[in-house]
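Okay, so here's the structure we're looking at.
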Amino acid sequence: MNSILFFILDILKVPSVLVGLIALVGLVAQKKALPDIIKGTVKTILGFLVLSGGATVLLSSLTPLGGMFEHAFNVQGIIPNNEAIVSMAIEKYGTATALIMAFGMVANIIVARFTRLKFIFLTGHHTFYMACMIGVILTVAGFEGVQLVFVGALTLGLIMAFFPAIAHRYMCQVTGSNDVGFGHFGTLGYVLAGALGQAVGKGSKSTEEMDLPKNLSFLRDSSISISLTMMVIYYVLAIASGSEYVSTLSGGQHCLVYATIQAITFAAGVYVILQGVRLILAEIVPAFTGFSEKLVPDAKPALDCPIVFPYAPNAVLIGFLASFAGGVISLAILGQLNWVLILPGVVPHFFCGATAGVFGNATGGRRGAIIGAFAHGVLITFLPVFLLPVLGSLGFANTTFSDADFGGVGIVLGYMAQLFNKDVITAIIVGLFALLVAYNYLAKKPVTEAE
C-alpha cells in the first residue's frame, strides 16, 4: 500500500505530469475531440518539460557561481535550499509528508470549491516541500496519526489557495489578464516587492523600455544583455576565487573561458524557460476552463514562478542582482549582530529574486524592480533565522528552507505550537476554514438581494 501511495505521489510531484493530467481532465470535460485531447495534453506536458530543461541548464551554471562566492569571500554558514533540507527530512518524516501532500491537494480543491479562494495550486514540487515542512513542525509539536494528517492536509490546502489569492492583484498587473494565478511559495516576497513598487515607483519607466544609442541597440535583446551582464559577474568571481579553485570546477579549463561559457549557459537556460512558458500558457488556460467548470467554478490554475518571466525579461536579471545584493548586505548585518549566518543561495535569489523583480516592475517600473527585489533578498535572509528554532533537530542542519512562504508559514505554525496544545491548534485551523466557507455563502446574500 505504501509503495502505491509513494508511486502516486512521485507522479504528482512532477509538474509536467500533474498539469498534463489537469489539462486532460479539462479537455475531456469540455467533450473535445480525441485528437484535440491528445494534442492539448501532450503539448502541456511538453511545455513543462521544456521549462524544466531550461531550469536544469540554468542550475548547472548557477551552482559553480555559489561555490566561487563562498571561496572568494571565505564565508561559511547555513545555505537555504529546499531540495537539500527536504532530502534530509524525508527519511524521518516521509510517511507524514506523503499523506499530508496527498490529502492536502484534495483539501485545496475543497477550499477552492467552498470558499472565495478560487485557486488550484499546480506547482507539485513546492506542494511536496510545504507538506514536508508542515509535517516536521506538527510532529515536533506532538501531533501524530490521523490528527497529524488531518490538520496538516487542511493547513496545506488553505495555504495552497491563500497565497495565490494574495498575489493575484499583482499577477493581473504582470500578465495584463485575469486568466492565470500564481503558485509558488515565495509569495510573501513577491507581494512585498509589488507593494514597494507601488509605493516608490511612480513615474519610473519599465525595465523593458531601454533608451539606448543606435550602436548599443543589440542590448534590447534580453538574451544578449543577460549574457553580457552575467559574464561580468562570472569574471569578477572567477578572478576573486583564483584560477586554481576554478580549475577544480572546470576540469582544467582556463578560468575566463569557463566563466564565459557559464555566463552564456545561464542566458541559454533563461531563453529555454521563456519558450516553455509560452507553450504552457497556450494550452493550459483553455484546458483548465473545462476542469474548473466541472469541479470548481471560476477557479484559476496557479502556476510556478517562471510563468511571469516572459512578461519582463530584463526585470528577471535586475531582480536577481538586486535580491542577491540584499542577501549579501543582510549577511553582513547578521555577522555584526553575531546571529547565525544565512549565506545568499544563488538558486533562491535567482528564481525568487527574478520573480520579485517582475512584480516590482509591474507596479513601479525600474525603481520598483530594484527596491522590491532588494527587499525580497533581505526578507529571505532574515526569515530562516527565525524559522530554524521551530524545526526541531532539523534546525541544527547546515541548510534550511529558502523561499519566503516557508519561513512565514513555519514561524507562525511553530510559535502556535509553543503557545497552544494540539486540540487548540486543530480548532484554529478548522475554525479558519469554517469562517472562509461562511463568508463565501453569507456575503453573497446581500448582493443577490440588491440585484
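Scheme for the C-alpha cells: letters A, B, ... for chains in order shown; per-chain residue numbers from 1; ligand numbers from 1 in order shown.
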For this session: For range 57-64 of chain A, work out the shell of residues within 8 Å, counting only C-alpha atoms and skipping chain neighbours fewer than 4 positions away, then give it as a list of chain:residue names.
Result: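 Contacts, with the query itself left out: A:Gly53, A:Met68, A:Leu249, A:Gln262, A:Ala263, A:Thr265, A:Phe266, A:Ala267, A:Ala268, A:Gly269, A:Val270, A:Val346, A:Val347.
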Selected residues, C-alpha atoms, written as a CSV table (one decimal), in the first residue's frame, please.
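Here's the written file selection_32.csv:
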chain,number,residue,atom,x,y,z
A,53,GLY,CA,15.0,21.5,-19.2
A,68,MET,CA,33.0,30.7,-6.2
A,249,LEU,CA,35.2,23.2,-11.2
A,262,GLN,CA,28.8,29.5,-17.8
A,263,ALA,CA,27.5,33.0,-18.3
A,265,THR,CA,24.8,28.9,-20.5
A,266,PHE,CA,22.9,30.9,-17.9
A,267,ALA,CA,21.3,33.0,-20.7
A,268,ALA,CA,20.5,29.9,-22.7
A,269,GLY,CA,18.6,28.5,-19.6
A,270,VAL,CA,16.6,31.6,-19.3
A,346,VAL,CA,22.2,31.7,-5.7
A,347,VAL,CA,19.3,29.5,-6.8
Exercise. Leaving out Asp304 in chain A and any residue of its chain fewer than 6 positions from it, which residues lie within 8 Å of it when counting only C-alpha atoms, given as a PyMOL selection string?
Worked result: chain A and resi 122-123+182-184
Problem set entry | Surrounding residues of range 433-439 of chain A excluding itself and chain neighbours under 4 positions, 6 Å, only C-alpha atoms, as a list in words | Phe114, Thr115 and Ala443 of chain A
Just-selected residues, N, CA, C and O atoms written as an mmCIF file, in the first residue's frame:
data_model
loop_
_atom_site.group_PDB
_atom_site.id
_atom_site.type_symbol
_atom_site.label_atom_id
_atom_site.label_comp_id
_atom_site.auth_asym_id
_atom_site.auth_seq_id
_atom_site.Cartn_x
_atom_site.Cartn_y
_atom_site.Cartn_z
ATOM 1 N N PHE A 114 -15.450 25.712 -1.953
ATOM 2 C CA PHE A 114 -16.408 26.229 -0.974
ATOM 3 C C PHE A 114 -16.037 27.588 -0.362
ATOM 4 O O PHE A 114 -16.758 28.089 0.500
ATOM 5 N N THR A 115 -14.906 28.158 -0.764
ATOM 6 C CA THR A 115 -14.559 29.499 -0.282
ATOM 7 C C THR A 115 -14.313 30.404 -1.490
ATOM 8 O O THR A 115 -14.465 29.984 -2.639
ATOM 9 N N ALA A 443 -21.912 36.232 2.601
ATOM 10 C CA ALA A 443 -21.636 37.516 1.940
ATOM 11 C C ALA A 443 -22.318 37.607 0.584
ATOM 12 O O ALA A 443 -22.472 38.692 0.047
#
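Separating CA of Ala141 in chain A from CA of Leu383 in chain A is a distance of 20.1 Å.
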For this session: Using only C-alpha atoms, find the one residue out of A:Ile239, A:Pro384, A:Ser177, A:Val257 that sits nearest to Tyr311 in chain A.
Result: A:Ser177
Exercise. For Ala299 in chain A, which of A:Leu442, A:Val285, A:Ile428, A:Val191 is the closest residue, counting only C-alpha atoms?
Worked result: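 Comparing A:Leu442, A:Val285, A:Ile428, A:Val191 against Ala299 in chain A, the winner is A:Val285.
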Seminar exercise, completed: In terms of only C-alpha atoms, the residue from A:Ala112, A:Gly360, A:Ile120, A:Leu331 at minimal distance from Val19 in chain A is A:Ile120
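If you measure from each of A:His71, A:Leu117, A:Leu156, A:Pro80 to Thr97 in chain A using only C-alpha atoms, the closest one turns out to be A:Leu156.
Using only C-alpha atoms, the protein and nucleic acid residues lying no more than 7 Å from range 223-229 of chain A, apart from those fewer than 4 places from it along its own chain, are Leu219, Ile233, Ala263, Ile264, Ala267, Tyr271 and Leu317 of chain A.
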For this session: Just the residues within 6 Å of range 275-283 of chain A, please, counting only C-alpha atoms, with nothing from its chain fewer than 4 positions along; format it as an MDAnalysis selection string.
Result: chainID A and resid 40 44 47 50:51 307
Exercise. If you run DSSP on this backbone, which residues of range 196-295 of chain A come out as alpha helix (DSSP H), and could you give them as a ChimeraX atom specification?
Worked result: /A:196-200,222-241,243-250,255-294
Exercise. Rounded to one decimal in Å, what is the spacing between CA of Leu192 in chain A and CA of Ile370 in chain A?
Worked result: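 Rounded to one decimal, the two atoms are 12.3 Å apart.
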For this session: Taking the chain letters and numbering used in this document, name the residues of range 215-354 of chain A that DSSP puts in strand (DSSP E), as a list in words.
Result: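 Written out, the strand (DSSP E) residues of range 215-354 of chain A are Lys300, Pro301, Ala302 and Leu303 of chain A.
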Grab the residues selected above and save them as a PDB file, in the first residue's frame with all heavy atoms.
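Saved file part-v6.pdb follows:
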ATOM      1  N   LYS A 300      -8.917  29.192 -10.969  1.00  0.00           N
ATOM      2  CA  LYS A 300      -7.815  29.525 -11.874  1.00  0.00           C
ATOM      3  C   LYS A 300      -6.622  28.634 -11.538  1.00  0.00           C
ATOM      4  O   LYS A 300      -6.378  28.331 -10.376  1.00  0.00           O
ATOM      5  CB  LYS A 300      -7.423  31.001 -11.723  1.00  0.00           C
ATOM      6  CG  LYS A 300      -8.510  31.956 -12.177  1.00  0.00           C
ATOM      7  CD  LYS A 300      -8.135  33.398 -11.903  1.00  0.00           C
ATOM      8  CE  LYS A 300      -9.250  34.316 -12.397  1.00  0.00           C
ATOM      9  NZ  LYS A 300     -10.517  34.077 -11.707  1.00  0.00           N
ATOM     10  N   PRO A 301      -5.839  28.243 -12.558  1.00  0.00           N
ATOM     11  CA  PRO A 301      -4.628  27.472 -12.285  1.00  0.00           C
ATOM     12  C   PRO A 301      -3.558  28.385 -11.701  1.00  0.00           C
ATOM     13  O   PRO A 301      -3.307  29.468 -12.234  1.00  0.00           O
ATOM     14  CB  PRO A 301      -4.218  26.953 -13.666  1.00  0.00           C
ATOM     15  CG  PRO A 301      -4.763  27.966 -14.636  1.00  0.00           C
ATOM     16  CD  PRO A 301      -6.021  28.499 -14.008  1.00  0.00           C
ATOM     17  N   ALA A 302      -2.927  27.967 -10.611  1.00  0.00           N
ATOM     18  CA  ALA A 302      -1.831  28.740 -10.022  1.00  0.00           C
ATOM     19  C   ALA A 302      -0.524  28.048 -10.405  1.00  0.00           C
ATOM     20  O   ALA A 302      -0.275  26.915 -10.002  1.00  0.00           O
ATOM     21  CB  ALA A 302      -1.984  28.811  -8.503  1.00  0.00           C
ATOM     22  N   LEU A 303       0.295  28.736 -11.200  1.00  0.00           N
ATOM     23  CA  LEU A 303       1.461  28.113 -11.829  1.00  0.00           C
ATOM     24  C   LEU A 303       2.781  28.644 -11.267  1.00  0.00           C
ATOM     25  O   LEU A 303       2.835  29.700 -10.639  1.00  0.00           O
ATOM     26  CB  LEU A 303       1.401  28.340 -13.346  1.00  0.00           C
ATOM     27  CG  LEU A 303       0.133  27.797 -14.033  1.00  0.00           C
ATOM     28  CD1 LEU A 303       0.073  28.230 -15.482  1.00  0.00           C
ATOM     29  CD2 LEU A 303       0.066  26.276 -13.932  1.00  0.00           C
TER      30      LEU A 303
END
Problem set entry | Spatial neighbours of Thr155 in chain A, 8 Å, only C-alpha atoms, chain gap at least 4 places, as a list in words | Gly104, Val151, Ile159 and Ile429 of chain A
Contacts of range 295-414 of chain A with range 199-215 of chain A up to 9 Å, shortest pair per row, only C-alpha atoms, as a tab-separated table:
residue	atom	partner	partner_atom	distance
A:Ala312	CA	A:Glu208	CA	6.3
A:Pro313	CA	A:Glu208	CA	7.5
A:Asn314	CA	A:Thr207	CA	5.8
A:Ala315	CA	A:Thr207	CA	5.7
A:Ile318	CA	A:Thr207	CA	8.3
A:Val358	CA	A:Thr207	CA	8.9
A:Gly360	CA	A:Gly201	CA	8.4
A:Asn361	CA	A:Ser206	CA	6.2
A:Ala362	CA	A:Ser206	CA	7.6
A:Thr363	CA	A:Gly201	CA	7.0
A:Gly364	CA	A:Gly201	CA	3.7
A:Gly365	CA	A:Ser206	CA	4.1
A:Arg366	CA	A:Thr207	CA	5.0
A:Arg367	CA	A:Gly201	CA	5.4
A:Gly368	CA	A:Gly201	CA	5.1
A:Ala369	CA	A:Thr207	CA	7.8
A:Ile371	CA	A:Val200	CA	8.3
Take the residues just selected and output them with N, CA and C atoms as a PDB file, in the first residue's frame.
ATOM      1  N   ALA A 312       8.615  40.301 -18.539  1.00  0.00           N
ATOM      2  CA  ALA A 312       9.631  41.338 -18.288  1.00  0.00           C
ATOM      3  C   ALA A 312      11.005  40.685 -18.147  1.00  0.00           C
ATOM      4  N   PRO A 313      11.592  40.216 -19.261  1.00  0.00           N
ATOM      5  CA  PRO A 313      12.883  39.508 -19.184  1.00  0.00           C
ATOM      6  C   PRO A 313      14.008  40.338 -18.565  1.00  0.00           C
ATOM      7  N   ASN A 314      14.011  41.647 -18.793  1.00  0.00           N
ATOM      8  CA  ASN A 314      15.064  42.478 -18.190  1.00  0.00           C
ATOM      9  C   ASN A 314      14.898  42.551 -16.668  1.00  0.00           C
ATOM     10  N   ALA A 315      13.642  42.581 -16.215  1.00  0.00           N
ATOM     11  CA  ALA A 315      13.369  42.614 -14.768  1.00  0.00           C
ATOM     12  C   ALA A 315      13.830  41.327 -14.100  1.00  0.00           C
ATOM     13  N   ILE A 318      17.544  42.000 -13.434  1.00  0.00           N
ATOM     14  CA  ILE A 318      17.658  43.063 -12.427  1.00  0.00           C
ATOM     15  C   ILE A 318      17.209  42.549 -11.062  1.00  0.00           C
ATOM     16  N   VAL A 358      10.105  41.120 -11.378  1.00  0.00           N
ATOM     17  CA  VAL A 358       8.988  41.234 -12.334  1.00  0.00           C
ATOM     18  C   VAL A 358       7.774  41.876 -11.656  1.00  0.00           C
ATOM     19  N   GLY A 360       7.798  43.831  -8.925  1.00  0.00           N
ATOM     20  CA  GLY A 360       8.125  45.217  -8.616  1.00  0.00           C
ATOM     21  C   GLY A 360       8.068  46.094  -9.847  1.00  0.00           C
ATOM     22  N   ASN A 361       8.520  45.555 -10.988  1.00  0.00           N
ATOM     23  CA  ASN A 361       8.476  46.303 -12.241  1.00  0.00           C
ATOM     24  C   ASN A 361       7.047  46.562 -12.697  1.00  0.00           C
ATOM     25  N   ALA A 362       6.170  45.576 -12.486  1.00  0.00           N
ATOM     26  CA  ALA A 362       4.772  45.721 -12.921  1.00  0.00           C
ATOM     27  C   ALA A 362       4.070  46.867 -12.206  1.00  0.00           C
ATOM     28  N   THR A 363       4.450  47.125 -10.957  1.00  0.00           N
ATOM     29  CA  THR A 363       3.785  48.187 -10.184  1.00  0.00           C
ATOM     30  C   THR A 363       4.604  49.467 -10.093  1.00  0.00           C
ATOM     31  N   GLY A 364       5.932  49.367 -10.275  1.00  0.00           N
ATOM     32  CA  GLY A 364       6.761  50.560 -10.068  1.00  0.00           C
ATOM     33  C   GLY A 364       7.941  50.692 -10.988  1.00  0.00           C
ATOM     34  N   GLY A 365       7.913  50.052 -12.160  1.00  0.00           N
ATOM     35  CA  GLY A 365       8.977  50.210 -13.139  1.00  0.00           C
ATOM     36  C   GLY A 365      10.340  49.786 -12.603  1.00  0.00           C
ATOM     37  N   ARG A 366      11.379  50.423 -13.133  1.00  0.00           N
ATOM     38  CA  ARG A 366      12.745  50.032 -12.766  1.00  0.00           C
ATOM     39  C   ARG A 366      13.006  50.218 -11.274  1.00  0.00           C
ATOM     40  N   ARG A 367      12.511  51.346 -10.747  1.00  0.00           N
ATOM     41  CA  ARG A 367      12.714  51.611  -9.322  1.00  0.00           C
ATOM     42  C   ARG A 367      12.044  50.527  -8.482  1.00  0.00           C
ATOM     43  N   GLY A 368      10.828  50.162  -8.864  1.00  0.00           N
ATOM     44  CA  GLY A 368      10.103  49.117  -8.151  1.00  0.00           C
ATOM     45  C   GLY A 368      10.802  47.781  -8.236  1.00  0.00           C
ATOM     46  N   ALA A 369      11.362  47.464  -9.429  1.00  0.00           N
ATOM     47  CA  ALA A 369      12.064  46.186  -9.608  1.00  0.00           C
ATOM     48  C   ALA A 369      13.286  46.106  -8.707  1.00  0.00           C
ATOM     49  N   ILE A 371      14.137  48.080  -5.906  1.00  0.00           N
ATOM     50  CA  ILE A 371      13.846  48.172  -4.466  1.00  0.00           C
ATOM     51  C   ILE A 371      13.055  46.962  -3.987  1.00  0.00           C
TER      52      ILE A 371
END
For this session: Just the residues within 12 Å of Glu83 in chain A, please, counting only C-alpha atoms, with nothing from its chain fewer than 6 positions along; format it as an MDAnalysis selection string.
Result: chainID A and resid 89:90 125:126 128:130 132:133 347:348 399:403
Take the residues from that selection and put them in a file with all heavy atoms, as a short mmCIF file (atom, residue, chain, number, x, y, z; two decimals), in the first residue's frame.
data_model
loop_
_atom_site.label_atom_id
_atom_site.label_comp_id
_atom_site.auth_asym_id
_atom_site.auth_seq_id
_atom_site.Cartn_x
_atom_site.Cartn_y
_atom_site.Cartn_z
N ALA A 89 15.00 15.59 5.61
CA ALA A 89 13.83 15.37 6.46
C ALA A 89 13.04 14.13 6.08
O ALA A 89 12.39 13.51 6.92
CB ALA A 89 12.92 16.60 6.39
N ILE A 90 13.12 13.75 4.79
CA ILE A 90 12.21 12.73 4.28
C ILE A 90 12.46 11.36 4.90
O ILE A 90 11.55 10.52 4.98
CB ILE A 90 12.30 12.68 2.74
CG1 ILE A 90 10.95 12.26 2.15
CG2 ILE A 90 13.40 11.80 2.26
CD1 ILE A 90 9.87 13.28 2.32
N HIS A 125 6.20 20.21 -6.94
CA HIS A 125 7.36 20.05 -6.06
C HIS A 125 7.27 20.99 -4.86
O HIS A 125 7.67 20.63 -3.75
CB HIS A 125 8.66 20.26 -6.83
CG HIS A 125 8.84 21.62 -7.42
ND1 HIS A 125 8.02 22.12 -8.40
CD2 HIS A 125 9.74 22.60 -7.16
CE1 HIS A 125 8.41 23.33 -8.73
NE2 HIS A 125 9.46 23.66 -7.98
N HIS A 126 6.68 22.19 -5.03
CA HIS A 126 6.54 23.10 -3.89
C HIS A 126 5.47 22.60 -2.91
O HIS A 126 5.60 22.80 -1.70
CB HIS A 126 6.21 24.51 -4.38
CG HIS A 126 7.40 25.41 -4.33
ND1 HIS A 126 7.38 26.70 -3.88
CD2 HIS A 126 8.69 25.18 -4.66
CE1 HIS A 126 8.59 27.23 -3.94
NE2 HIS A 126 9.40 26.33 -4.43
N PHE A 128 5.00 19.49 -2.30
CA PHE A 128 5.74 18.45 -1.59
C PHE A 128 6.63 19.06 -0.49
O PHE A 128 6.64 18.58 0.65
CB PHE A 128 6.59 17.67 -2.60
CG PHE A 128 7.41 16.57 -2.01
CD1 PHE A 128 6.82 15.48 -1.40
CD2 PHE A 128 8.80 16.62 -2.06
CE1 PHE A 128 7.58 14.45 -0.86
CE2 PHE A 128 9.57 15.61 -1.52
CZ PHE A 128 8.96 14.52 -0.92
N TYR A 129 7.35 20.13 -0.83
CA TYR A 129 8.23 20.78 0.16
C TYR A 129 7.43 21.34 1.33
O TYR A 129 7.82 21.20 2.49
CB TYR A 129 9.04 21.91 -0.48
CG TYR A 129 9.92 21.50 -1.64
CD1 TYR A 129 10.33 22.43 -2.59
CD2 TYR A 129 10.35 20.18 -1.79
CE1 TYR A 129 11.14 22.07 -3.65
CE2 TYR A 129 11.15 19.81 -2.86
CZ TYR A 129 11.53 20.77 -3.79
OH TYR A 129 12.33 20.40 -4.85
N MET A 130 6.31 21.99 1.02
CA MET A 130 5.49 22.58 2.08
C MET A 130 4.87 21.49 2.95
O MET A 130 4.79 21.63 4.18
CB MET A 130 4.40 23.49 1.49
CG MET A 130 3.58 24.25 2.52
SD MET A 130 4.53 25.43 3.53
CE MET A 130 4.62 26.84 2.43
N CYS A 132 6.18 18.67 3.59
CA CYS A 132 7.28 18.19 4.42
C CYS A 132 7.49 19.12 5.62
O CYS A 132 7.58 18.65 6.76
CB CYS A 132 8.55 18.09 3.59
SG CYS A 132 9.98 17.50 4.53
N MET A 133 7.54 20.43 5.38
CA MET A 133 7.78 21.35 6.48
C MET A 133 6.64 21.32 7.50
O MET A 133 6.88 21.31 8.71
CB MET A 133 7.96 22.79 5.96
CG MET A 133 8.46 23.73 7.05
SD MET A 133 8.41 25.46 6.57
CE MET A 133 6.65 25.76 6.61
N VAL A 347 20.52 30.02 -6.13
CA VAL A 347 19.30 29.49 -6.75
C VAL A 347 18.04 30.22 -6.25
O VAL A 347 17.26 30.74 -7.05
CB VAL A 347 19.18 27.97 -6.56
CG1 VAL A 347 17.84 27.45 -7.06
CG2 VAL A 347 20.33 27.26 -7.27
N PRO A 348 17.79 30.31 -4.92
CA PRO A 348 16.60 31.05 -4.50
C PRO A 348 16.65 32.54 -4.86
O PRO A 348 15.62 33.13 -5.20
CB PRO A 348 16.57 30.86 -2.97
CG PRO A 348 17.92 30.36 -2.60
CD PRO A 348 18.46 29.64 -3.79
N THR A 399 21.57 23.46 6.38
CA THR A 399 20.71 24.05 5.36
C THR A 399 19.31 24.22 5.95
O THR A 399 19.02 23.71 7.04
CB THR A 399 20.67 23.17 4.09
OG1 THR A 399 19.93 23.85 3.07
CG2 THR A 399 20.01 21.82 4.38
N THR A 400 18.45 24.93 5.24
CA THR A 400 17.07 25.13 5.70
C THR A 400 16.20 25.51 4.51
O THR A 400 16.68 25.58 3.37
CB THR A 400 17.01 26.20 6.81
OG1 THR A 400 15.68 26.23 7.35
CG2 THR A 400 17.35 27.59 6.27
N PHE A 401 14.91 25.73 4.75
CA PHE A 401 14.00 26.13 3.67
C PHE A 401 14.35 27.55 3.21
O PHE A 401 14.69 28.41 4.02
CB PHE A 401 12.55 26.06 4.15
CG PHE A 401 12.07 24.66 4.40
CD1 PHE A 401 12.14 24.10 5.67
CD2 PHE A 401 11.59 23.88 3.36
CE1 PHE A 401 11.72 22.81 5.91
CE2 PHE A 401 11.16 22.58 3.59
CZ PHE A 401 11.22 22.04 4.86
N SER A 402 14.25 27.78 1.90
CA SER A 402 14.78 29.02 1.35
C SER A 402 13.74 30.09 1.05
O SER A 402 13.98 31.27 1.31
CB SER A 402 15.57 28.71 0.08
OG SER A 402 14.75 28.08 -0.89
N ASP A 403 12.59 29.73 0.50
CA ASP A 403 11.66 30.74 -0.02
C ASP A 403 10.79 31.34 1.08
O ASP A 403 10.55 30.71 2.11
CB ASP A 403 10.80 30.13 -1.13
CG ASP A 403 11.65 29.49 -2.23
OD1 ASP A 403 12.87 29.76 -2.25
OD2 ASP A 403 11.12 28.71 -3.03
#
